[in-house]
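Quick notes on the structure that follows.
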Amino acid sequence: MFRRLVGWLPLPWQRAVVRLLPSWLHRGLRRLHRSDPILARALARTSALRLRRRHRELLAPPDVYVRNLGRRAWLCRDVPRASVEDVRQRNLDLVVDVLERHGIEYFIVNTGSRVRHTVGVPGSGAGQVLRLLASEHGAAPVYASVTRRRRRVDLVHDLHPGTTPTTDHLVVGQIYTSPCRNLVFGLRYGCAVEFWDENDSGSLCSRRPNRTASTIPAQERVPTIEVIRDRAYRTLEPFARSGVDEVRFPIDVVYTWVDGADAAWREKKDHYLALEGRVPRHEQSVNGARYLNRDELKYSLRSLETYADWVRRIFLVTDGHVPSWLDTSHPRLCVVSHDEIFDDPRCLPTFNSHAIESRLHHIRGLADHYLYLNDDFFFGRPVTPELFFEANGVPRFFPSSAQLELGPASVDDPPIMSAAKNNRRLIEDTFGVRVTQKLKHVPYSQRRDVLVEMEGRYRDEFCRTKASRFRSPEDIAVPSALFAHYAYCTGRAVPGDLRYVYTDTSDPLTPGRLERLLGSRDLDVFCVNDTDLSGPDALEQGDALCRFLAAYYPQPSSFETVPRTVVGMGTPRSERPTGGLVSLAGDGLAGRPRIAR
């Protein structure tokens, strides 16, 4: 409320008012501003009524509706299936189509952003572009963000170019939502339109910084074409060159998956477990939670397609079975059976994830750089390949603050701990340094050539792990830890950082964490793991997880054959997911759903 009261003042006056207030009063007013849901709802309802009254013609299409986000109502457009890349290009086409129809020169500007595209327009002012946008898109729910002393976002239908002051850039786009209307892509993914000055010599001068150059000399103004998702756009030759820090090599994703509910698979597992007799092992080695399937893979693929659509191909490694909902004919999906990557048939069947992981780099057709994911890994907001790899091909790994226990591996250790201790022993014997920290449970960046080298150096350990049908105290964990430490010690990996959370369904704090995450969507990656199914609330925990995932990723991905009914406005209230549904995808505004800048 305080910001709204003083927001109409010029910025220097606002600062003067704040300086006059006692610090305790200013803090109290800010807290009141953040925790004023009644006022927020009232302002949003007033805004919605105004929109419906003034823009009835814009609400005529069936896929356009009014949505309250924060303290304001917005006109949103439903799309049946959308990723960040889809939305970025839709908004880019909104601008480019108008410029091309009216013969206005433009070029794609390489700003290094993977959130929004940027178009440069030489010599034209904001008024001309707004006038054209208003004439072409005045009957559509297209918004434009104009920056003066403060940011102003309006429908292009309502903007008056004659009175709009000169600005360095605009952000133009529509606000897209999923059919169930709880996943919103705001103007953060709109198309930026920059206005470049042109001098007498023909050189172009930018008013805003970019990653290529602030001035394009006349001799460098060579037109060329940039292809984005099968469409050609105009650009200039300097912007068409790849930057030294841009990842341009293909990156694949590898999943390992098992259906613990498959009766034939369980019978086979019990048979081989009985054959091994009373082999000493930790109880978590064959814990049922390790093989539990709650369709996490479906939602992990949805997160991948929505927030990391730059991945080239996806390889799913299974024991021959696949989920019933999976479209195995998808051109970007390849199902790989264990017998395709194990060179010794005597090692099969295997029920040991460490053994399967030690053979992933033998997948035929796999890219040299790939990410290894468990099916309970989820992307929480838009991520870039540079988060996981340097542009020169060096993988990133993500150290954790958790420490490894001292002492050698033993039967009393959980399998993940005994494998980590074995990894530590190998690194210490080879390089004379000790590993003390664990790694975060996030997507693991891998390089095939390093893994081939490791397999040659540690042949006995690889063979021993490969031959172990069930998790053993002698296993090593190759992609999840050993690769990172070996590559780092040989100068072929670097530590990185990302925002993530790991939580267990049996943890009583998990429901609160998931509720906050659903409202904020401010994490790059998160993992919701199952380690204990013995508690009395196991079924309730599973149901809560499924409701959370369905609310976070409501859009069916292209990897699903028959999309299930999407929860929408026509769904009975009792069947709709509850809590934290109003949120901008990847906007990072915790607890404050609003239009992205």
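To be explicit about the labels: the chains of the structure tokens are called A, B, and onward in the order shown, and within each one the residues are counted from 1, while ligands get numbers from 1 in the order they are shown.
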(request) Identify, on the basis of only C-alpha atoms, every residue whose closest approach to Phe315 in chain A does not exceed 12 Å; exclude the query and any residue fewer than 4 positions from it along the same chain; express the result as a VMD selection string. (result) chain A and resid 251 to 257 301 311 328 330 to 337 360 to 367 370 to 374
Filtering to C-alpha atoms, could you give me those residues as a compact mmCIF listing (two decimals), in the first residue's frame?
# COMPACT_ATOMS: atom_id res chain seq x y z
CA ILE A 251 23.55 -32.32 -25.69
CA ASP A 252 21.50 -35.46 -25.05
CA VAL A 253 19.69 -36.69 -21.96
CA VAL A 254 19.80 -40.21 -20.55
CA TYR A 255 17.17 -41.56 -18.14
CA THR A 256 17.19 -44.88 -16.31
CA TRP A 257 13.75 -46.24 -15.48
CA LEU A 301 9.78 -35.20 -19.37
CA VAL A 311 18.12 -30.98 -25.60
CA THR A 328 8.01 -44.69 -28.31
CA HIS A 330 8.67 -39.92 -30.97
CA PRO A 331 11.57 -38.81 -33.22
CA ARG A 332 13.57 -37.40 -30.29
CA LEU A 333 13.11 -40.46 -28.05
CA CYS A 334 15.07 -43.72 -28.13
CA VAL A 335 14.32 -46.64 -25.80
CA VAL A 336 17.46 -48.62 -24.96
CA SER A 337 17.34 -52.11 -23.47
CA LEU A 360 25.49 -45.69 -20.09
CA HIS A 361 28.34 -44.28 -22.17
CA HIS A 362 28.04 -47.35 -24.41
CA ILE A 363 24.65 -46.27 -25.76
CA ARG A 364 24.81 -46.27 -29.55
CA GLY A 365 24.27 -42.81 -31.07
CA LEU A 366 24.65 -40.94 -27.78
CA ALA A 367 26.15 -37.44 -28.05
CA TYR A 370 24.98 -35.57 -22.22
CA LEU A 371 23.07 -35.19 -18.97
CA TYR A 372 22.23 -38.18 -16.84
CA LEU A 373 18.91 -37.86 -14.99
CA ASN A 374 16.99 -40.01 -12.57
(request) Please give the complete set of residues from range 100-150 of chain A that DSSP, run on the backbone, assigns to strand (DSSP E), formatted as a list in words. (result)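 Secondary structure check on range 100-150 of chain A, strand (DSSP E): Phe107, Ile108, Thr118, Val119, Gly120, Val121, Pro122, Tyr143, Ala144, Ser145, Val146 and Thr147 of chain A.
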(request) Enter the distance from CA of Phe388 in chain A to CA of Ser418 in chain A, in Å, rounded to one decimal. (result) 26.6 Å
(request) Considering only C-alpha atoms, state which residue in the set A:Arg45, A:Pro141, A:Glu474, A:Arg396 is at the smallest distance from Asp78 in chain A. (result)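 Among the listed residues, A:Pro141 lies closest to Asp78 in chain A.
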(request) Output as JSON, numbers by chain all residues of range 54-281 of chain A that backbone DSSP marks as alpha helix (DSSP H). (result) {"A": [54, 84, 85, 86, 87, 88, 89, 90, 91, 92, 93, 94, 95, 96, 97, 98, 99, 100, 101, 126, 127, 128, 129, 130, 131, 132, 133, 134, 135, 136, 137, 237, 238, 239, 240, 263, 264, 265, 266, 267, 268, 269, 270, 271, 272, 273, 274, 275]}
(message) So the first atom is CA of Arg41 in chain A and the second is CA of Trp74 in chain A; what is the distance between them in Å, to one decimal place?
(response) 13.6 Å
(message) So the first atom is CA of Glu194 in chain A and the second is CA of Gly120 in chain A; what is the distance between them in Å, to one decimal place?
(response) 4.7 Å
(message) Which residues are near range 462-469 of chain A? Cut-off 8 Å, only C-alpha atoms, ignore same chain within fewer than 6 positions. Put them as a list in words.
(response)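 Everything that qualifies: Arg346, Cys347, Leu348, Pro349, Thr350, Phe351, Asn352, His354, Ala355, Ile356, Ser358, Arg359, Glu455, Asp475 and Ile476 of chain A.
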Serialized selection, N, CA and C atoms, as a compact mmCIF listing (two decimals), in the first residue's frame:
# COMPACT_ATOMS: atom_id res chain seq x y z
N ARG A 346 26.09 -62.52 -19.31
CA ARG A 346 26.02 -63.18 -18.00
C ARG A 346 25.70 -62.20 -16.89
N CYS A 347 25.88 -60.89 -17.14
CA CYS A 347 25.57 -59.88 -16.12
C CYS A 347 24.08 -59.55 -16.06
N LEU A 348 23.31 -60.06 -17.01
CA LEU A 348 21.89 -59.75 -17.08
C LEU A 348 21.06 -60.94 -16.65
N PRO A 349 19.89 -60.69 -16.10
CA PRO A 349 19.32 -59.36 -15.80
C PRO A 349 20.01 -58.74 -14.58
N THR A 350 19.97 -57.44 -14.53
CA THR A 350 20.55 -56.73 -13.39
C THR A 350 19.49 -55.85 -12.74
N PHE A 351 19.59 -55.71 -11.45
CA PHE A 351 18.66 -54.89 -10.67
C PHE A 351 19.44 -53.84 -9.87
N ASN A 352 20.65 -53.59 -10.34
CA ASN A 352 21.58 -52.69 -9.66
C ASN A 352 21.75 -51.42 -10.50
N HIS A 354 23.78 -49.01 -10.00
CA HIS A 354 25.20 -48.71 -10.18
C HIS A 354 25.75 -49.45 -11.40
N ALA A 355 25.32 -50.69 -11.59
CA ALA A 355 25.78 -51.47 -12.74
C ALA A 355 25.28 -50.86 -14.04
N ILE A 356 24.01 -50.47 -14.07
CA ILE A 356 23.44 -49.88 -15.29
C ILE A 356 24.13 -48.56 -15.60
N SER A 358 27.10 -47.64 -14.96
CA SER A 358 28.48 -47.81 -15.41
C SER A 358 28.57 -48.14 -16.89
N ARG A 359 27.42 -48.40 -17.55
CA ARG A 359 27.43 -48.78 -18.97
C ARG A 359 26.73 -47.75 -19.86
N GLU A 455 37.02 -46.02 -17.68
CA GLU A 455 36.77 -47.46 -17.73
C GLU A 455 38.04 -48.24 -18.02
N ASP A 475 30.52 -51.71 -4.96
CA ASP A 475 30.17 -50.93 -6.14
C ASP A 475 30.89 -49.58 -6.14
N ILE A 476 30.98 -49.01 -7.35
CA ILE A 476 31.36 -47.60 -7.50
C ILE A 476 30.19 -46.89 -8.18
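Nearest residue to Pro473 in chain A among A:Ala409, A:Cys489, A:Val227, A:Val452 is A:Ala409, counting only C-alpha atoms.
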(message) Give me, as a ChimeraX atom specification, all polymer residues having an atom no more than 10 Å from Arg241 in chain A, counting only C-alpha atoms and skipping those fewer than 4 positions away in the same chain.
(response) /A:110,212,226,236-237
(message) I want to know what sits within 9 Å of Ser47 in chain A, based on only C-alpha atoms, with residues of the same chain fewer than 6 positions away left out; could you give that as a count of residues only?
(response) 5
(message) Here is a test: counting only C-alpha atoms, which residue of A:Val394, A:Val411, A:Leu549, A:Ala264 is nearest to Arg492 in chain A?
(response)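 Looking only at the distances to Arg492 in chain A, the closest residue turns out to be A:Val394.
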(message) Residues within 9 Å of Glu246 in chain A, please, as a ChimeraX atom specification. Count only C-alpha atoms; anything in the same chain fewer than 4 positions from it doesn't count.
(response) /A:112,242,385-386,390-392
(message) Let me make sure I understand: among A:Arg208, A:Arg499, A:Arg381, A:His169, which one has the smallest atom-to-atom distance to Tyr307 in chain A if we use only C-alpha atoms?
(response) A:Arg381
(message) Measuring between only C-alpha atoms, which one of A:Ala44, A:Ala60, A:Cys205, A:Val247 shows the shortest distance to Pro217 in chain A?
(response)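 The shortest atom-to-atom distance to Pro217 in chain A comes from A:Cys205.
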(request) For each of A:Asn182, A:Leu58, A:Glu428, A:Val96, take the minimum atom-to-atom distance to Tyr233 in chain A, counting only C-alpha atoms, then give the residue where this is smallest. (result)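 So, comparing all the options, the nearest one is A:Val96.
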